[in-house]
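So this block is my_file.txt, compact mmCIF, C-alpha atoms:
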```
# COMPACT_ATOMS: atom_id res chain seq x y z
CA MET A 1 0.00 0.00 0.00
CA ASN A 2 1.55 3.34 -0.97
CA SER A 3 1.90 6.16 1.55
CA GLU A 4 -0.74 8.34 -0.11
CA LEU A 5 -3.46 5.68 0.11
CA ARG A 6 -2.44 4.78 3.65
CA GLY A 7 -2.78 8.42 4.62
CA GLU A 8 -6.30 8.55 3.17
CA TYR A 9 -7.41 5.52 5.16
CA LEU A 10 -5.95 6.81 8.40
CA ALA A 11 -7.46 10.23 7.79
CA ALA A 12 -10.89 8.60 7.83
CA LEU A 13 -10.10 7.56 11.38
CA GLY A 14 -8.87 11.03 12.28
CA LEU A 15 -5.28 9.80 12.61
CA THR A 16 -1.89 10.82 11.31
CA ASP A 17 0.24 8.55 9.17
CA TRP A 18 2.24 5.71 10.69
CA ARG A 19 4.68 3.05 9.48
CA ARG A 20 3.82 -0.58 9.80
CA ARG A 21 6.45 -2.84 11.20
CA ALA A 22 8.16 -5.08 8.69
CA ALA A 23 6.65 -8.18 10.25
CA ALA A 24 3.13 -6.79 9.99
CA ALA A 25 3.70 -5.84 6.36
CA ALA A 26 4.90 -9.35 5.58
CA ALA A 27 1.88 -10.87 7.30
CA ASN A 28 -0.48 -8.63 5.35
CA LEU A 29 1.21 -9.56 2.07
CA SER A 30 0.81 -13.24 2.87
CA ALA A 31 -2.89 -12.75 3.62
CA ALA A 32 -3.37 -10.85 0.37
CA GLN A 33 -1.71 -13.64 -1.60
CA ARG A 34 -4.16 -16.12 -0.12
CA CYS A 35 -7.15 -13.98 -1.04
CA GLY A 36 -8.78 -14.94 -4.28
CA PRO A 37 -11.87 -16.60 -5.69
CA HIS A 38 -13.85 -18.42 -3.06
CA PRO A 39 -12.99 -22.09 -3.04
CA ALA A 40 -15.67 -24.51 -3.98
CA GLY A 41 -17.36 -25.97 -0.94
CA PRO A 42 -17.43 -29.68 -0.22
CA ALA A 43 -19.87 -31.87 -2.09
CA PRO A 44 -23.41 -31.33 -0.76
CA SER A 45 -24.53 -33.86 1.80
CA ALA A 46 -27.82 -35.67 1.75
CA VAL A 47 -29.23 -33.31 4.38
CA ASP A 48 -31.95 -31.00 3.04
CA PRO A 49 -31.21 -27.59 4.61
CA ILE A 50 -34.81 -26.43 4.35
CA SER A 51 -36.59 -29.40 5.91
CA ALA A 52 -33.92 -30.45 8.43
CA PRO A 53 -34.97 -29.98 12.05
CA GLN A 54 -33.67 -27.13 14.17
CA GLY A 55 -30.27 -27.71 15.70
CA ARG A 56 -28.87 -29.49 12.59
CA GLU A 57 -26.72 -26.58 11.39
CA GLY A 58 -23.56 -28.57 12.10
CA ALA A 59 -24.27 -30.75 9.05
CA PHE A 60 -24.32 -27.91 6.51
CA ASP A 61 -21.68 -26.54 4.17
CA TRP A 62 -21.66 -22.88 3.06
CA PRO A 63 -24.32 -23.09 0.31
CA GLN A 64 -26.60 -25.21 2.46
CA LEU A 65 -26.23 -22.91 5.45
CA ARG A 66 -27.03 -19.88 3.29
CA ALA A 67 -30.19 -21.61 2.05
CA ARG A 68 -31.11 -22.53 5.61
CA VAL A 69 -30.80 -18.90 6.74
CA ALA A 70 -32.75 -17.59 3.74
CA ALA A 71 -35.69 -19.83 4.60
CA CYS A 72 -35.57 -19.24 8.37
CA THR A 73 -38.81 -18.50 10.24
CA ARG A 74 -37.59 -19.16 13.78
CA CYS A 75 -38.58 -15.73 15.08
CA GLY A 76 -40.95 -12.91 14.21
CA LEU A 77 -38.32 -10.99 12.26
CA SER A 78 -38.97 -13.29 9.31
CA ALA A 79 -42.33 -11.57 8.83
CA THR A 80 -40.87 -8.06 8.52
CA ARG A 81 -37.57 -8.56 6.69
CA THR A 82 -37.03 -7.85 3.00
CA GLN A 83 -34.38 -10.57 2.89
CA THR A 84 -31.88 -12.23 5.18
CA VAL A 85 -28.33 -10.90 5.37
CA PHE A 86 -26.10 -13.95 5.56
CA GLY A 87 -22.60 -12.47 5.40
CA VAL A 88 -19.96 -11.63 2.84
CA GLY A 89 -16.24 -12.03 2.33
CA ASN A 90 -13.34 -14.43 1.98
CA LEU A 91 -14.21 -17.96 3.08
CA GLN A 92 -10.57 -18.45 4.11
CA ALA A 93 -10.39 -15.22 6.12
CA ASP A 94 -8.36 -14.94 9.30
CA TRP A 95 -10.56 -12.07 10.55
CA LEU A 96 -14.29 -12.30 11.24
CA ILE A 97 -16.00 -8.92 11.70
CA LEU A 98 -19.35 -9.03 13.51
CA GLY A 99 -22.01 -6.38 13.95
CA GLU A 100 -25.34 -6.63 15.72
CA ALA A 101 -27.99 -6.80 12.98
CA PRO A 102 -28.77 -5.53 9.47
CA GLY A 103 -30.00 -1.98 9.04
CA ALA A 104 -32.34 -0.65 6.37
CA ASP A 105 -29.70 -0.56 3.61
CA GLU A 106 -28.44 -4.02 4.49
CA ASP A 107 -31.98 -5.40 4.53
CA ARG A 108 -32.55 -3.94 1.06
CA LEU A 109 -29.23 -5.03 -0.48
CA GLY A 110 -28.64 -8.29 1.38
CA GLU A 111 -25.07 -7.37 2.40
CA PRO A 112 -23.75 -6.31 5.82
CA PHE A 113 -22.09 -2.96 6.46
CA VAL A 114 -22.97 -0.92 3.39
CA GLY A 115 -23.44 2.83 3.15
CA ARG A 116 -21.43 5.32 5.22
CA ALA A 117 -20.85 2.91 8.10
CA GLY A 118 -19.57 0.32 5.66
CA GLN A 119 -17.21 2.82 4.06
CA LEU A 120 -15.79 3.71 7.46
CA LEU A 121 -15.40 0.03 8.33
CA ASN A 122 -13.44 -0.42 5.10
CA SER A 123 -11.13 2.43 6.13
CA MET A 124 -10.74 0.96 9.61
CA LEU A 125 -9.65 -2.34 8.10
CA ARG A 126 -7.30 -0.76 5.59
CA ALA A 127 -5.64 1.21 8.39
CA VAL A 128 -4.33 -2.11 9.72
CA GLY A 129 -3.45 -3.43 6.28
CA LEU A 130 -6.61 -5.40 5.46
CA ALA A 131 -8.94 -5.08 2.49
CA ARG A 132 -12.66 -5.78 2.84
CA GLU A 133 -12.17 -8.70 0.46
CA GLN A 134 -9.68 -10.33 2.84
CA VAL A 135 -12.04 -10.58 5.83
CA TYR A 136 -15.46 -12.10 6.46
CA ILE A 137 -18.24 -9.77 7.64
CA ALA A 138 -21.51 -10.82 9.23
CA ASN A 139 -24.00 -9.92 11.95
CA VAL A 140 -25.21 -11.69 15.06
CA LEU A 141 -28.75 -11.43 13.62
CA LYS A 142 -29.47 -12.29 10.01
CA CYS A 143 -32.69 -10.22 9.81
CA ARG A 144 -33.32 -6.53 10.39
CA PRO A 145 -35.29 -5.64 13.55
CA PRO A 146 -38.10 -3.21 12.63
CA GLY A 147 -37.09 0.42 12.98
CA ASN A 148 -33.48 -0.67 13.64
CA ARG A 149 -34.37 -1.37 17.27
CA ASP A 150 -31.99 -3.40 19.40
CA PRO A 151 -32.36 -7.15 18.94
CA ASN A 152 -34.04 -8.89 21.84
CA PRO A 153 -32.37 -11.87 23.57
CA SER A 154 -34.72 -14.47 22.11
CA GLU A 155 -34.00 -13.28 18.55
CA ALA A 156 -30.26 -13.43 19.15
CA ALA A 157 -30.60 -16.92 20.64
CA GLU A 158 -32.48 -18.21 17.59
CA CYS A 159 -29.79 -16.87 15.23
CA LEU A 160 -26.79 -18.03 17.26
CA PRO A 161 -26.60 -21.57 15.75
CA TYR A 162 -26.21 -20.04 12.28
CA LEU A 163 -23.33 -17.87 13.46
CA GLU A 164 -21.71 -20.77 15.29
CA ARG A 165 -21.77 -22.82 12.09
CA GLN A 166 -20.28 -19.91 10.11
CA ILE A 167 -17.45 -19.75 12.64
CA ALA A 168 -16.92 -23.52 12.49
CA LEU A 169 -16.66 -23.38 8.69
CA LEU A 170 -14.50 -20.27 8.60
CA LYS A 171 -12.12 -21.11 11.47
CA PRO A 172 -11.02 -17.49 11.94
CA LYS A 173 -7.91 -16.53 13.86
CA ILE A 174 -9.70 -13.59 15.43
CA MET A 175 -13.19 -12.10 15.82
CA LEU A 176 -13.80 -8.36 16.01
CA ALA A 177 -17.14 -7.43 17.59
CA VAL A 178 -18.14 -3.90 16.62
CA GLY A 179 -20.66 -2.20 18.86
CA ARG A 180 -22.13 -2.79 22.31
CA ILE A 181 -25.05 -4.98 21.24
CA ALA A 182 -22.88 -7.38 19.26
CA ALA A 183 -20.35 -7.63 22.07
CA GLN A 184 -22.96 -8.19 24.77
CA ASN A 185 -24.76 -10.89 22.80
CA LEU A 186 -21.59 -12.73 21.86
CA LEU A 187 -20.15 -12.59 25.37
CA ARG A 188 -23.49 -12.99 27.15
CA THR A 189 -22.88 -10.02 29.39
CA ASP A 190 -24.43 -6.68 30.22
CA LYS A 191 -21.07 -4.96 30.77
CA THR A 192 -20.46 -1.66 29.01
CA LEU A 193 -18.50 -1.58 25.80
CA GLY A 194 -15.85 0.55 27.48
CA SER A 195 -15.24 -2.13 30.09
CA LEU A 196 -14.93 -4.84 27.41
CA ARG A 197 -12.35 -3.06 25.24
CA GLN A 198 -8.62 -3.84 25.20
CA GLN A 199 -9.12 -7.41 26.42
CA VAL A 200 -8.85 -10.79 24.74
CA HIS A 201 -12.18 -12.53 25.20
CA ARG A 202 -12.86 -16.05 23.93
CA PHE A 203 -15.85 -17.29 21.97
CA GLY A 204 -17.35 -20.74 21.67
CA ALA A 205 -15.94 -24.20 22.10
CA SER A 206 -12.96 -23.36 19.86
CA ARG A 207 -12.09 -20.40 22.09
CA VAL A 208 -11.58 -17.98 19.21
CA PRO A 209 -9.98 -14.72 20.40
CA LEU A 210 -12.58 -11.94 20.37
CA ILE A 211 -11.80 -8.21 20.54
CA VAL A 212 -14.42 -5.51 21.15
CA THR A 213 -14.53 -2.02 19.64
CA TYR A 214 -16.96 0.71 18.63
CA HIS A 215 -19.45 0.39 15.77
CA PRO A 216 -18.68 2.49 12.66
CA ALA A 217 -22.16 4.06 12.84
CA TYR A 218 -21.39 5.23 16.38
CA LEU A 219 -18.08 6.68 15.22
CA LEU A 220 -19.87 8.69 12.54
CA ARG A 221 -21.87 10.30 15.34
CA THR A 222 -19.00 10.47 17.83
CA PRO A 223 -15.76 11.00 15.88
CA ALA A 224 -13.85 11.79 19.09
CA ASP A 225 -13.78 8.05 19.82
CA LYS A 226 -12.04 7.16 16.56
CA ARG A 227 -8.68 7.21 18.32
CA LYS A 228 -9.92 4.65 20.85
CA THR A 229 -11.01 2.48 17.93
CA TRP A 230 -7.57 2.82 16.39
CA GLU A 231 -6.05 1.51 19.63
CA ASP A 232 -8.48 -1.43 19.54
CA LEU A 233 -7.57 -2.23 15.94
CA LYS A 234 -3.87 -2.21 16.70
CA PHE A 235 -4.54 -4.45 19.68
CA ALA A 236 -6.55 -6.85 17.50
CA ARG A 237 -3.79 -6.94 14.92
CA GLU A 238 -1.22 -7.78 17.59
CA VAL A 239 -3.43 -10.57 18.94
CA SER A 240 -4.00 -12.02 15.45
CA GLU A 241 -0.26 -12.06 14.79
CA ARG A 242 0.29 -14.15 17.92
CA VAL A 243 -2.29 -16.80 17.01
```

Can the structure in the file be given as structure tokens, please?
Amino acid sequence: MNSELRGEYLAALGLTDWRRRAAAAAANLSAAQRCGPHPAGPAPSAVDPISAPQGREGAFDWPQLRARVAACTRCGLSATRTQTVFGVGNLQADWLILGEAPGADEDRLGEPFVGRAGQLLNSMLRAVGLAREQVYIANVLKCRPPGNRDPNPSEAAECLPYLERQIALLKPKIMLAVGRIAAQNLLRTDKTLGSLRQQVHRFGASRVPLIVTYHPAYLLRTPADKRKTWEDLKFAREVSERV
């Protein structure tokens, strides 16, 4: 990445330029070389993703899981959504970025983190040497809550098996939870976002390292906290390099 582009990305975070360490640059280059067309998934199993009973997500590959989510009616959000928002990105990604739920634009387009918040997320990632195409991006909930209200616990619980299967298929080195609601649902806590930052949490049976930071939409409203987010991103990068 040339210095001019790097400066543009960091400017979006309200930061001055910086020089990546040689080791970080080498790691980023290696990740970029791995990024490419999504590999073909394994041969479909005999399990029908639509008619299979609840709790069978562990049997599905990527296409089957996507079909399962698209047909989901486990909670009332299925009656108000335009479409489900499954996730997007590199199926061999080391980083998994997780928000809380789709918003209006995401519900309309079927992709997480679009619009201004998505553009800022892209800049946040590029500031630590990652392109959007190198990571995988999803939400805790796959459907938009009406009026962009906070998801309720029962909705999050119904969607959790889908996310757990995504994580099992992806096998990320690190998870980055952006925003209070995502962090609280993933960690099953009511602690404040501020108290969860700058710590290595662990998620699921595989104990994936999980780092918490602010949501891009919040940063658009509160740009003074961009520097805190920058510290979180550097921390996440350091953790991922140790895995």

For each of A:Ala101, A:Ala117, A:Ala183, A:Ala131, take the minimum atom-to-atom distance to Asp150 of chain A, counting only C-alpha atoms, then give the residue where this is smallest. A:Ala101

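Counting all atoms listed in the file and comparing A:Tyr136, A:Asp225, A:Asp61, A:Asn148, the residue that lies closest to Glu111 of chain A is A:Tyr136.
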
What lies within 7 Å of Asp94 of chain A using all atoms listed in the file, ignoring chain neighbours under 2 positions off, as a ChimeraX atom specification? /A:92,96,135,172-174

Of A:Leu121, A:Leu163, A:Val200, A:Leu141, the one nearest to Val239 of chain A when counting only C-alpha atoms is A:Val200

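The spacing separating atom CA of Trp95 of chain A from atom CA of Cys72 of chain A amounts to 26.1 Å.
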
Measuring atom to atom with all atoms listed in the file, identify which of A:Tyr214, A:Pro153, A:Lys234, A:Ala138 is nearest to Asn90 of chain A.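 Smallest distance to Asn90 of chain A is found for A:Ala138.
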
Coordinates-based distance that separates atom CA of Glu106 of chain A from atom CA of Gly194 of chain A (Å, one decimal):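 About the pair atom CA of Gly194 of chain A and atom CA of Glu106 of chain A: they are 26.6 Å apart.
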
When you get a chance, write out N, CA and C atoms for segment 140-171 of chain A, as a short mmCIF file (atom, residue, chain, number, x, y, z; two decimals), in the frame of the given file.
```cif
data_model
loop_
_atom_site.label_atom_id
_atom_site.label_comp_id
_atom_site.auth_asym_id
_atom_site.auth_seq_id
_atom_site.Cartn_x
_atom_site.Cartn_y
_atom_site.Cartn_z
N VAL A 140 -24.66 -10.71 14.13
CA VAL A 140 -25.21 -11.69 15.06
C VAL A 140 -26.59 -12.12 14.59
N LEU A 141 -27.43 -11.15 14.19
CA LEU A 141 -28.75 -11.43 13.62
C LEU A 141 -28.68 -11.38 12.11
N LYS A 142 -29.44 -12.24 11.46
CA LYS A 142 -29.47 -12.29 10.01
C LYS A 142 -30.64 -11.50 9.42
N CYS A 143 -31.54 -11.00 10.27
CA CYS A 143 -32.69 -10.22 9.81
C CYS A 143 -32.70 -8.86 10.51
N ARG A 144 -33.25 -7.88 9.82
CA ARG A 144 -33.32 -6.53 10.39
C ARG A 144 -34.47 -6.42 11.40
N PRO A 145 -34.20 -5.96 12.63
CA PRO A 145 -35.29 -5.64 13.55
C PRO A 145 -36.02 -4.39 13.06
N PRO A 146 -37.34 -4.37 13.12
CA PRO A 146 -38.10 -3.21 12.63
C PRO A 146 -37.63 -1.91 13.29
N GLY A 147 -37.50 -0.88 12.46
CA GLY A 147 -37.09 0.42 12.98
C GLY A 147 -35.67 0.45 13.50
N ASN A 148 -34.87 -0.57 13.16
CA ASN A 148 -33.48 -0.67 13.64
C ASN A 148 -33.39 -0.72 15.16
N ARG A 149 -34.43 -1.23 15.81
CA ARG A 149 -34.37 -1.37 17.27
C ARG A 149 -33.32 -2.39 17.64
N ASP A 150 -32.94 -2.40 18.93
CA ASP A 150 -31.99 -3.40 19.40
C ASP A 150 -32.62 -4.79 19.31
N PRO A 151 -31.84 -5.79 18.93
CA PRO A 151 -32.36 -7.15 18.94
C PRO A 151 -32.72 -7.57 20.37
N ASN A 152 -33.75 -8.39 20.51
CA ASN A 152 -34.04 -8.89 21.84
C ASN A 152 -33.32 -10.23 22.05
N PRO A 153 -33.16 -10.66 23.30
CA PRO A 153 -32.37 -11.87 23.57
C PRO A 153 -32.87 -13.12 22.87
N SER A 154 -34.19 -13.26 22.75
CA SER A 154 -34.72 -14.47 22.11
C SER A 154 -34.37 -14.50 20.62
N GLU A 155 -34.38 -13.34 19.96
CA GLU A 155 -34.00 -13.28 18.55
C GLU A 155 -32.54 -13.65 18.37
N ALA A 156 -31.69 -13.11 19.23
CA ALA A 156 -30.26 -13.43 19.15
C ALA A 156 -30.02 -14.91 19.39
N ALA A 157 -30.76 -15.50 20.33
CA ALA A 157 -30.60 -16.92 20.64
C ALA A 157 -30.99 -17.80 19.46
N GLU A 158 -32.04 -17.42 18.74
CA GLU A 158 -32.48 -18.21 17.59
C GLU A 158 -31.46 -18.16 16.46
N CYS A 159 -30.76 -17.03 16.32
CA CYS A 159 -29.79 -16.87 15.23
C CYS A 159 -28.42 -17.44 15.57
N LEU A 160 -28.14 -17.64 16.84
CA LEU A 160 -26.79 -18.03 17.26
C LEU A 160 -26.30 -19.32 16.59
N PRO A 161 -27.12 -20.36 16.42
CA PRO A 161 -26.60 -21.57 15.75
C PRO A 161 -26.09 -21.32 14.34
N TYR A 162 -26.70 -20.38 13.62
CA TYR A 162 -26.21 -20.04 12.28
C TYR A 162 -24.81 -19.44 12.37
N LEU A 163 -24.64 -18.50 13.30
CA LEU A 163 -23.33 -17.87 13.46
C LEU A 163 -22.29 -18.89 13.91
N GLU A 164 -22.66 -19.76 14.81
CA GLU A 164 -21.71 -20.77 15.29
C GLU A 164 -21.26 -21.67 14.15
N ARG A 165 -22.17 -21.99 13.23
CA ARG A 165 -21.77 -22.82 12.09
C ARG A 165 -20.87 -22.03 11.14
N GLN A 166 -21.16 -20.75 10.94
CA GLN A 166 -20.28 -19.91 10.11
C GLN A 166 -18.87 -19.90 10.68
N ILE A 167 -18.77 -19.78 12.00
CA ILE A 167 -17.45 -19.75 12.64
C ILE A 167 -16.75 -21.09 12.48
N ALA A 168 -17.50 -22.18 12.63
CA ALA A 168 -16.92 -23.52 12.49
C ALA A 168 -16.39 -23.75 11.07
N LEU A 169 -17.10 -23.24 10.07
CA LEU A 169 -16.66 -23.38 8.69
C LEU A 169 -15.48 -22.47 8.38
N LEU A 170 -15.52 -21.26 8.90
CA LEU A 170 -14.50 -20.27 8.60
C LEU A 170 -13.19 -20.53 9.34
N LYS A 171 -13.29 -20.91 10.61
CA LYS A 171 -12.12 -21.11 11.47
C LYS A 171 -11.24 -19.85 11.52
#
```
